[in-house]
Each structure stands twice: as C-alpha cells, then as structure tokens.
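First up is the structure itself, then whatever we jot down about it.
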Amino acid sequence: MVKITLPDGSNREFDGPISGADVAADIGPGLAKAALAIRVNGEVKDLSTVIEADAEVAIITSKNEEALELLRHDCAHVMAEAVKELFPDTQVTIGPNIENGFFYDFARETPFVPDDLEKIEARMHEIVKRDEKITREVWDRAEAVKFFKDAGEDYKAEIIEGIPGDEEVSLYRQGDFIDLCRGPHLPSTGKLGKAFKLTKLAGAYWRGDSKNEMLQRIYGTCWADEKQLKAHLLMIEEAEKRDHRRLGREMDLFHLQDVAAGSVFWHPKGWTLYRTLRAYMRARQIAAGYLEVNTPQLVDRALWEDSGHWEKFRENMFIAEVDEDAGYADGEGSGVQKRMLALKPMNCPCHVQIFKQGTTSYRDLPIRLAEFGSCHRYEPSGALHGLMRVRAFVQDDAHIFCTEEQITSETQAFCTLLQSVYQDLGFDEVVVKFSDRPEVRAGTDETWDKAEQALRDATEATGLETELNPGDGAFYGPKLDFVLRDAIGRDWQCGTLQVDFVLPERLDAAYIGQDGAKHRPVMLHRAILGSFERFLGILIENYAGKFPLWLAPVQIVVATITNAADEYAREVKAHLDDVGLRAELDIRNEKINYKIREHSHAKVLVIFVVGAKEAEDGTVAMRRLGGKDQENLALKEATARLLEEAAGPLAKG
C-alpha cells in the first residue's frame, strides 16, 4: 500500500506504486487535464514520476508559483528544438530559466538577426501544436558523450564529461529533439501554451569566461497565460521609454564612454541632480546622529589582507603597484621596494581605522560613521550597463559601532530612517529579505549563530516582515536587504543592514567596557541608497525623468515669445535665482511653440512664458510639463507657489 497525503491533509491509499499523473486522475478529470508536474515531499518532479512509498504530494497546475519555472524551462527547450529544425548546423549549449523568462546560448558561425526570432517563434508555436510527449531517459555516460559528439554537439558532450561520476546523466526527449537536462519538465509540449515571446539577441561567452568562444544568446519571456504575457510586454515597452540612458541624453544629465569604461561623466544638470540627492541624504543622516567622515581611496594591500577582503574580492580590485623609497637606516644608500595598493572597493576597513584612533568608552557607543565614499570595483566590460552597473561609484555608506545590547535599537532606528527616505523619494513598497550564512564565510559557526540570532531578534522587535534568502549573507555576517518596487512594478535591491562580529575581531577594534576591560564592538554595515549612480538610474526610470520639483535639476525655464521681452525675462530669471529656484533662460530667436516642445522633451517641469504683455503687467504665463493650459500669474505669486512646492521633504522636519 502507498499512502498519499494531499495539501488539504486528506489521504488516498493505493495498492502499489503510482505515478503523479494517476494520482491527479484519481482526484478528478479536471485536475488530470490541468496537471503540469507534482511536488513530492517538497521536491518538484515530472508528472510521470512513480511514487513508491508513502509521501506528501501536491499536483502543480498553472495556478501554482512553481509552474512558471517549469513553463520557462520548457520554453527554452522548445526554442532549442525550433532552432535545430530551422538551422541544423547550430550547436545548443545551455538554456536556463531566469527571472521573467529564459535564454539559450547557441554556437553558430552565421549570426542570428532579428528576423530569425520571428521564424523561431513561429516554429515554437508549431511545436506546441504538435503536443510532443516529453520523456525522461537515464543514459550511460559514455554513450551520452558519444551520442552528442556524433551529432556535432561538442558543447553538450563537454558538459556531460564534467558531470560528477556519482550523478545520473538524464536526457529529455521531445519529438526528434533530445537535450541534456536534470528536469523536471512538462508532460508534453502542448502544455506550454501560447504565452511566450522571444525578446532579444545578445552575445555570451561559453561558461561566462571571456577566454572562451563567443556564443549567441536568444532571450525570451514566458507566462502562465496570455494576459500575464501582455502585461509583461507592456511593462517592457514602458521600461524602454524610461531607459535612464536615453533620458540621460535627452535631459543632458550624463554620458559614458570607453576612455573611462564604467565611470560616469556627469554634465552640469546631472551633477545638480546628484548634489541635490546627496545634500538631502547628508541632512537626513546628520539629523539621525551620524558623523560624516572621509577616507583614502588608495589603501595598502596589508589592510585588505587583514580584513579578509583581499582573499574574497581581489579579482574585483583595481591595483596600483608603486616604487617606494625603502629608506635604509644604515646610511649606506637608499633603495626602492615594490608596494601594492588597492583602490578601495568598499569603506568598512577604513572606518574601523577611524574608530581605533584614541580610546573609546562604552559611554561613547553607539558611534555612527557615515561616508559618501568613492569606491572602485572591476566589472567585466560586458556586464557594464549605464548607471546600473559601473566600476566607479559612490556609496551612501555608514558603519555603526555598538554593543550587542544596542543591536536592536540601532536596527529599529535604521529601518525607520530607511523607510522614511524611500517614501520621500517616491517608493512606498519595500520588501525585506533576511540573508543568512553563505557557504564561504569568515568567523566560527558560534559567531554566526550569535549574529544571526541577534539580527532575528532585532527584526522581530522592529516588527519587520522578512523573506528568507538562504545562503546570501555577506562573508562576515548575516544581513537584511531592502528591495523597493518602482512605478512600473520592477524590484530593485538597494538598502542593506549587516551584523558583523568578524571584522572588529580581525582588525582589533575595541572599546573599554563598564568593567574596565577591553571588549569588541559589534559593527553594523548599512546603506540606504547603495550606489549613488545606480540609485539615480533607478530614480530617473521611476519618474521617467519627470522628477518632483525639489529634485529636478532644472526647475523652471523662462522662455520669451519675442525679443522685446528679453530684458524682462532676464529680470525674472534673476528673481528666481535670488529666491533659490533653479532656473534657465531661453531668449533664442525661435518660435515659442518650438521652445516649449524642446523643453518639454527635456522634462523641464515648469516654463514661464513671457512676452510684451507679461513684461508690462509684471506677470508670467506658467505652463506645467504634460499640461496643455497655462496660468497667468503675478511673478511673486507664481514664485511663492513654486517655492513651497520646491521646498522638498526636508522642509517637513
């Protein structure tokens, strides 16, 4: 007898081993038709899997969360089958599901072109209509290698040769197409449905190594139904309109170029935006009891070795090797020795050096050190992406040195500050993820137990609801990651709080306790925005360039209708400068409609239109971005309104 326990707690008994498909059929014909896979004792398996012992079983349909991964994984396989049918000389390599979709990397001498995507997608729909049965087969390793080599699939053969000897070599067959895969998969291609779309072409190195061959990657998206697909495609379309790189050009904010790959050239308007955000963050941190510091960018290798970063991050560091005067003390001459320095990839070891200067008492704690620290990390050129992925960036970094007893209160204070900042910047939806110990880490298990428990206790006391993100902690401690959602539903991980018992020990940081003895402080690493560059990219896209007035780099443009109003326009501009509003003057000999279109395209929020009548009356015709009407107001009244609006969130406090 085999007893099956269903999610509702009910049991069904069968005379002997039974497949997932038969369990679904026993429950009902509707479920049998909708079934895509099964979950056995928490593990997702093929619907054809035979259950031989008592187990907890759930039938997975398109309504279940796990279904999306199955659909996307199968969509990658169906795409590979379509490519092989249309372009037989192509080798298939690796094709995983990813967030919102899937990709597959192909080796082919002739490059794919956008028109090929239409052909491949059409063939995919044909394969779905064929409703080809998908079956799992376990092969002998040597036979599998020979099969793929004989078929000209050298990449697949290489993958199989690298599979550990104690693992099965499983292949999945659908129609005439056979692919290496662990599974699980849908029971047939017909179960995939129509809710998929191929989206773009890209290049990718074999196994992600730039020393290897360049492959061609095809991306796609796949959803449970066509309504979800349509919503996602609309979001992609909206995201393209909001692309910060395009808006950066249109608004004249910044540019990037190969002479300084991964570093940003901020233009005057973009730098104004940057400085405005930095001034806001500086004021918020000072009000929250932080002390601002600044530390060197070039730091000796020895500090990074002591902190543990050299071992963990060496490959991401920019190194400078210099000839240093050895300064021989015996007077027989001087010499030089090589000294290795690294551009700092993070600020934490330097903040410990400041904490260690002088003697610190328990009465001084907590000490909150903040820095807008300029950092550098080597990112492969193929990974660079506008402001979102750079090599040179500034963090709104801070480190709180405190006692164990202060972890909870400091966590509460930080979370309150972070949520307030996000709301001020237009983000109301925030998800918090709890990341525990990674596989590769510093410190003992006992230290990690203590750190994780301390962060859990602080999180509960703060009333935060968290999602577990297992194994994703920093190498020195567990952390909270704060993920905000933007205006079109995309998630961005920005803020973080990390509990660190390890670095103070490694770098010998101490304070004098109430008992007169030395004690190690706890170090809380925290950031709210994270990288300024990346956060500004997020802000640009969230607002589609239409910032709230307090953030806008150009708040007002004074534009003339005729040259007769030039002098009055200059007076208006001078008045706006005097009251602290960021204004520009446009007295070009162009038609006013042309000027309005141009400034609207550049996302200028307010345009003061002035002509002979306005000059005579001391008024302005005020137009808002996106509005068709204009309002005629006395200059002082218009200014007063905008001053109140431009005061920003700091005025609330």
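Numbering starts fresh at 1 for the residues of each chain in the structure tokens, the chains themselves are lettered A, B, ... in the order given, and ligands are numbered from 1 as they appear.
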**OP:** Could you give me, as a list in words, the residues within 6 Å of A:Gly203, counting only C-alpha atoms and dropping anything in the same chain fewer than 4 positions from it?
**Re:** Leu215, Gln216 and Arg217 of chain A
Long-range neighbours of A:Val579 as a short mmCIF file (atom, residue, chain, number, x, y, z; two decimals) with N, CA and C atoms, in the first residue's frame, 12 Å cut-off, only C-alpha atoms, 2 positions minimum in chain:
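In the end it all went to selection_2.cif:
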data_model
loop_
_atom_site.label_atom_id
_atom_site.label_comp_id
_atom_site.auth_asym_id
_atom_site.auth_seq_id
_atom_site.Cartn_x
_atom_site.Cartn_y
_atom_site.Cartn_z
N VAL A 572 13.21 88.27 -14.56
CA VAL A 572 12.51 87.14 -13.95
C VAL A 572 13.52 86.06 -13.54
N LYS A 573 14.46 85.78 -14.42
CA LYS A 573 15.49 84.78 -14.12
C LYS A 573 16.30 85.20 -12.89
N ALA A 574 16.68 86.47 -12.82
CA ALA A 574 17.45 86.96 -11.67
C ALA A 574 16.63 86.84 -10.38
N HIS A 575 15.34 87.10 -10.47
CA HIS A 575 14.47 86.97 -9.29
C HIS A 575 14.41 85.50 -8.83
N LEU A 576 14.29 84.58 -9.77
CA LEU A 576 14.25 83.17 -9.41
C LEU A 576 15.57 82.72 -8.79
N ASP A 577 16.68 83.22 -9.33
CA ASP A 577 17.98 82.91 -8.74
C ASP A 577 18.05 83.41 -7.30
N LEU A 581 15.52 79.23 -6.63
CA LEU A 581 14.96 78.27 -7.57
C LEU A 581 15.93 78.09 -8.74
N ARG A 582 16.04 76.86 -9.21
CA ARG A 582 16.98 76.56 -10.29
C ARG A 582 16.32 76.86 -11.64
N ALA A 583 16.77 77.92 -12.28
CA ALA A 583 16.11 78.40 -13.49
C ALA A 583 17.11 78.58 -14.62
N LYS A 636 5.37 87.29 -8.37
CA LYS A 636 5.57 86.94 -6.96
C LYS A 636 4.66 85.78 -6.54
N THR A 639 6.06 82.59 -8.04
CA THR A 639 7.27 82.23 -7.31
C THR A 639 6.92 81.62 -5.96
N ALA A 640 5.98 82.21 -5.25
CA ALA A 640 5.59 81.70 -3.92
C ALA A 640 5.06 80.27 -4.02
N LEU A 642 5.76 78.01 -6.31
CA LEU A 642 6.83 77.08 -6.65
C LEU A 642 7.82 76.91 -5.51
N LEU A 643 8.05 77.96 -4.74
CA LEU A 643 8.94 77.84 -3.59
C LEU A 643 8.41 76.83 -2.58
N GLU A 644 7.13 76.88 -2.35
CA GLU A 644 6.52 75.93 -1.41
C GLU A 644 6.64 74.50 -1.93
N ALA A 646 8.87 73.41 -4.09
CA ALA A 646 10.27 73.01 -4.23
C ALA A 646 10.99 72.85 -2.90
N ALA A 647 10.30 73.15 -1.81
CA ALA A 647 10.94 73.05 -0.50
C ALA A 647 11.39 71.63 -0.20
#
Original post:
Which residues, written as a VMD selection string, have at least one atom at most 7 Å from stretch 438-453 of chain A, with only C-alpha atoms counted and residues fewer than 5 positions away on the same chain left out?
Top reply: chain A and resid 471 to 473 475 to 478 499 501 to 502
**OP:** Can you pull out every residue within 6 Å of stretch 27-44 of chain A, counting only C-alpha atoms, but drop anything in the same chain fewer than 6 positions away, and send it as a PyMOL selection string?
**Re:** chain A and resi 56-61+186
Original post:
Quick one: residues within 9 Å of A:Thr272, only C-alpha atoms counted, chain neighbours fewer than 2 positions away excluded, as a PyMOL selection string?
Top reply: chain A and resi 253+267-270+274-277+551-554
All residues 12 Å or closer to A:Leu484, only C-alpha atoms, same chain fewer than 2 positions away omitted, as a CSV table (one decimal) with N, CA and C atoms, in the first residue's frame:
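Result written to part.csv:
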chain,number,residue,atom,x,y,z
A,418,LEU,N,15.4,54.5,7.0
A,418,LEU,CA,15.4,54.0,5.6
A,418,LEU,C,14.0,54.1,5.0
A,419,GLN,N,12.9,53.7,5.7
A,419,GLN,CA,11.6,53.7,5.2
A,419,GLN,C,11.1,55.1,4.9
A,421,VAL,N,13.1,57.7,4.2
A,421,VAL,CA,13.9,58.2,3.0
A,421,VAL,C,13.2,57.6,1.7
A,422,TYR,N,12.9,56.4,1.7
A,422,TYR,CA,12.3,55.8,0.5
A,422,TYR,C,10.9,56.5,0.2
A,423,GLN,N,10.2,56.7,1.2
A,423,GLN,CA,8.9,57.4,1.0
A,423,GLN,C,9.1,58.8,0.4
A,425,LEU,N,11.4,59.7,-1.4
A,425,LEU,CA,11.9,59.6,-2.8
A,425,LEU,C,10.9,59.0,-3.7
A,426,GLY,N,9.7,58.6,-3.2
A,426,GLY,CA,8.7,58.1,-4.1
A,426,GLY,C,8.5,56.6,-4.1
A,427,PHE,N,9.1,55.9,-3.1
A,427,PHE,CA,8.9,54.5,-3.1
A,427,PHE,C,8.2,54.0,-1.8
A,428,ASP,N,7.0,53.5,-2.0
A,428,ASP,CA,6.2,53.1,-0.8
A,428,ASP,C,6.2,51.6,-0.6
A,429,GLU,N,6.5,50.8,-1.6
A,429,GLU,CA,6.5,49.4,-1.5
A,429,GLU,C,7.9,48.9,-1.3
A,430,VAL,N,8.2,48.2,-0.1
A,430,VAL,CA,9.5,47.7,0.2
A,430,VAL,C,9.4,46.3,0.8
A,431,VAL,N,10.2,45.4,0.2
A,431,VAL,CA,10.2,44.0,0.7
A,431,VAL,C,11.6,43.9,1.4
A,432,VAL,N,11.6,43.2,2.6
A,432,VAL,CA,12.8,43.0,3.3
A,432,VAL,C,13.2,41.5,3.3
A,433,LYS,N,14.4,41.2,2.9
A,433,LYS,CA,14.9,39.8,2.8
A,433,LYS,C,16.0,39.6,3.9
A,481,ASP,N,18.3,42.8,3.4
A,481,ASP,CA,18.3,43.5,2.1
A,481,ASP,C,16.9,44.1,1.9
A,482,PHE,N,16.9,45.4,1.5
A,482,PHE,CA,15.7,46.1,1.3
A,482,PHE,C,15.4,46.3,-0.2
A,486,ASP,N,9.4,49.9,-8.1
A,486,ASP,CA,9.2,51.2,-8.8
A,486,ASP,C,7.9,51.4,-9.4
A,487,ALA,N,7.7,52.4,-10.2
A,487,ALA,CA,6.4,52.8,-10.7
A,487,ALA,C,5.8,51.8,-11.7
A,488,ILE,N,6.6,51.0,-12.3
A,488,ILE,CA,6.1,50.0,-13.3
A,488,ILE,C,6.2,48.6,-12.8
A,489,GLY,N,6.4,48.5,-11.4
A,489,GLY,CA,6.4,47.1,-10.8
A,489,GLY,C,7.7,46.4,-10.8
A,490,ARG,N,8.8,47.0,-11.1
A,490,ARG,CA,10.1,46.3,-11.1
A,490,ARG,C,10.7,46.4,-9.7
A,491,ASP,N,11.4,45.4,-9.3
A,491,ASP,CA,12.1,45.4,-7.9
A,491,ASP,C,13.5,45.7,-8.0
A,492,TRP,N,14.0,46.5,-7.0
A,492,TRP,CA,15.4,46.9,-7.0
A,492,TRP,C,15.9,46.7,-5.6
A,493,GLN,N,17.0,45.9,-5.4
A,493,GLN,CA,17.6,45.8,-4.1
A,493,GLN,C,18.6,46.9,-3.9
A,494,CYS,N,18.4,47.8,-2.9
A,494,CYS,CA,19.2,49.0,-2.7
A,494,CYS,C,19.8,49.0,-1.3
A,495,GLY,N,18.9,49.1,-0.3
A,495,GLY,CA,19.4,49.2,1.1
A,495,GLY,C,19.9,47.9,1.7
A,496,THR,N,20.7,48.0,2.7
A,496,THR,CA,21.2,46.8,3.4
A,496,THR,C,21.6,47.1,4.8
A,528,ILE,N,21.5,53.0,2.5
A,528,ILE,CA,20.1,53.2,2.2
A,528,ILE,C,19.9,53.2,0.7
A,529,LEU,N,20.7,54.1,0.0
A,529,LEU,CA,20.6,54.1,-1.5
A,529,LEU,C,21.5,53.1,-2.1
A,535,PHE,N,21.3,54.2,-7.9
A,535,PHE,CA,20.1,54.7,-7.4
A,535,PHE,C,19.5,55.9,-8.3
A,538,ILE,N,17.8,54.4,-11.1
A,538,ILE,CA,16.5,53.9,-10.7
A,538,ILE,C,15.5,55.1,-10.6
A,539,LEU,N,16.0,56.2,-10.0
A,539,LEU,CA,15.1,57.4,-9.9
A,539,LEU,C,14.7,57.9,-11.2
A,542,ASN,N,12.2,55.5,-12.6
A,542,ASN,CA,10.9,55.5,-11.8
A,542,ASN,C,10.1,56.8,-12.1
Original post:
If we count only C-alpha atoms, what is near stretch 593-597 of chain A at a cut-off of 8 Å, once residues fewer than 4 positions away on the same chain are taken out, given as a PyMOL selection string?
Top reply: chain A and resi 559+586+601+607
Dump as an mmCIF file, in the first residue's frame, selection limited to N, CA and C atoms:
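Written file, out_13.cif:
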data_model
loop_
_atom_site.group_PDB
_atom_site.id
_atom_site.type_symbol
_atom_site.label_atom_id
_atom_site.label_comp_id
_atom_site.auth_asym_id
_atom_site.auth_seq_id
_atom_site.Cartn_x
_atom_site.Cartn_y
_atom_site.Cartn_z
ATOM 1 N N ALA A 559 11.085 81.473 -20.889
ATOM 2 C CA ALA A 559 11.168 81.487 -22.351
ATOM 3 C C ALA A 559 10.411 82.681 -22.914
ATOM 4 N N ASP A 586 15.781 81.222 -21.771
ATOM 5 C CA ASP A 586 15.755 80.890 -23.197
ATOM 6 C C ASP A 586 15.229 82.092 -23.972
ATOM 7 N N HIS A 601 10.416 68.059 -23.941
ATOM 8 C CA HIS A 601 11.136 66.830 -24.276
ATOM 9 C C HIS A 601 12.273 66.591 -23.284
ATOM 10 N N ILE A 607 7.516 76.010 -17.242
ATOM 11 C CA ILE A 607 8.001 77.019 -18.191
ATOM 12 C C ILE A 607 7.246 78.320 -17.925
#
What are the closest atom pairs, with distances in Å to one decimal, for all residues of stretch 257-339 of chain A lying within 10 Å of stretch 360-376 of chain A? Consider only C-alpha atoms, order rows by chain and residue number, and present the result as CSV.
residue,atom,partner,partner_atom,distance
A:Gly262,CA,A:His376,CA,9.5
A:Ser263,CA,A:His376,CA,9.3
A:Arg278,CA,A:Phe372,CA,8.3
A:Met281,CA,A:Phe372,CA,9.6
A:Arg282,CA,A:Phe372,CA,8.8
A:Gln285,CA,A:Ala370,CA,7.8
A:Ile286,CA,A:Ala370,CA,9.1
A:Ala288,CA,A:Arg368,CA,9.2
A:Gly289,CA,A:Arg368,CA,6.9
A:Tyr290,CA,A:Arg368,CA,4.8
A:Leu291,CA,A:Leu369,CA,5.0
A:Glu292,CA,A:Ala370,CA,4.7
A:Val293,CA,A:Glu371,CA,5.3
A:Asn294,CA,A:Glu371,CA,5.8
A:Thr295,CA,A:Gly373,CA,7.4
A:Pro296,CA,A:Gly373,CA,8.9
A:Gln297,CA,A:Ser374,CA,6.9
A:Leu298,CA,A:Cys375,CA,9.8
A:Asn316,CA,A:His376,CA,8.5
A:Met317,CA,A:His376,CA,7.1
A:Phe318,CA,A:His376,CA,7.0
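Using only C-alpha atoms, the nearest neighbour of A:Ala392 within the list A:Phe112, A:Phe265, A:Tyr205, A:Tyr280 is A:Phe265.
Distances from A:Gly545, A:Thr462, A:Val352, A:Leu605 to A:Arg520 were compared using only C-alpha atoms, and the smallest one belongs to A:Val352.
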**OP:** Rounded to one decimal place, report the atom CA of A:Arg526-atom CA of A:Ala283 distance in Å.
**Re:**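 Atom CA of A:Ala283 lies at a distance of 16.8 Å from atom CA of A:Arg526.
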Original post:
Looking only at the backbone, which of the residues in stretch 7-48 of chain A does DSSP tag as strand (DSSP E), as a PyMOL selection string?
Top reply: chain A and resi 11-14+18-19+37-40+43-46
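The shortest atom-to-atom distance to A:Cys75, with only C-alpha atoms taken into account, belongs to A:Thr221 out of A:Thr93, A:Thr221, A:Ser170, A:Thr110.
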Subject >> helix (DSSP H, G or I) positions in stretch 129-231 of chain A, given as a PyMOL selection string >> reply: chain A and resi 129-130+141-150+154-161+189-192+206-208+226-231
Based on the selection just made, write C-alpha atoms of those residues as a PDB file, in the first residue's frame.
ATOM      1  CA  LYS A 129       0.581  22.444 -31.517  1.00  0.00           C
ATOM      2  CA  ARG A 130       2.255  19.080 -32.181  1.00  0.00           C
ATOM      3  CA  ARG A 141      27.697   8.472 -19.532  1.00  0.00           C
ATOM      4  CA  ALA A 142      29.967   7.192 -22.306  1.00  0.00           C
ATOM      5  CA  GLU A 143      27.010   6.533 -24.601  1.00  0.00           C
ATOM      6  CA  ALA A 144      25.658  10.042 -23.985  1.00  0.00           C
ATOM      7  CA  VAL A 145      29.033  11.632 -24.763  1.00  0.00           C
ATOM      8  CA  LYS A 146      29.322   9.597 -27.974  1.00  0.00           C
ATOM      9  CA  PHE A 147      25.750  10.429 -28.988  1.00  0.00           C
ATOM     10  CA  PHE A 148      26.282  14.169 -28.750  1.00  0.00           C
ATOM     11  CA  LYS A 149      29.728  14.113 -30.334  1.00  0.00           C
ATOM     12  CA  ASP A 150      28.372  12.093 -33.261  1.00  0.00           C
ATOM     13  CA  ASP A 154      30.564  19.202 -28.735  1.00  0.00           C
ATOM     14  CA  TYR A 155      29.399  21.612 -26.024  1.00  0.00           C
ATOM     15  CA  LYS A 156      26.820  19.133 -24.698  1.00  0.00           C
ATOM     16  CA  ALA A 157      29.456  16.379 -24.711  1.00  0.00           C
ATOM     17  CA  GLU A 158      31.787  18.624 -22.694  1.00  0.00           C
ATOM     18  CA  ILE A 159      29.054  19.302 -20.130  1.00  0.00           C
ATOM     19  CA  ILE A 160      28.370  15.573 -19.705  1.00  0.00           C
ATOM     20  CA  GLU A 161      32.083  14.830 -19.244  1.00  0.00           C
ATOM     21  CA  THR A 189       4.976  20.494 -25.414  1.00  0.00           C
ATOM     22  CA  GLY A 190       1.244  21.213 -25.743  1.00  0.00           C
ATOM     23  CA  LYS A 191       1.116  22.066 -22.035  1.00  0.00           C
ATOM     24  CA  LEU A 192       3.365  25.069 -22.691  1.00  0.00           C
ATOM     25  CA  TRP A 206      30.873  29.905 -23.207  1.00  0.00           C
ATOM     26  CA  ARG A 207      30.622  29.244 -19.461  1.00  0.00           C
ATOM     27  CA  GLY A 208      30.750  33.011 -18.870  1.00  0.00           C
ATOM     28  CA  GLU A 226      -1.608  35.481 -22.416  1.00  0.00           C
ATOM     29  CA  LYS A 227      -2.980  38.150 -20.086  1.00  0.00           C
ATOM     30  CA  GLN A 228       0.187  37.954 -17.964  1.00  0.00           C
ATOM     31  CA  LEU A 229       2.335  37.968 -21.102  1.00  0.00           C
ATOM     32  CA  LYS A 230       0.606  41.074 -22.426  1.00  0.00           C
ATOM     33  CA  ALA A 231       1.067  42.872 -19.100  1.00  0.00           C
TER      34      ALA A 231
END
Original post:
Which of these, A:Asn100, A:Gln91, A:Ser381, A:Ser531, has the shortest distance to A:Asp179 once you count only C-alpha atoms?
Top reply: A:Gln91
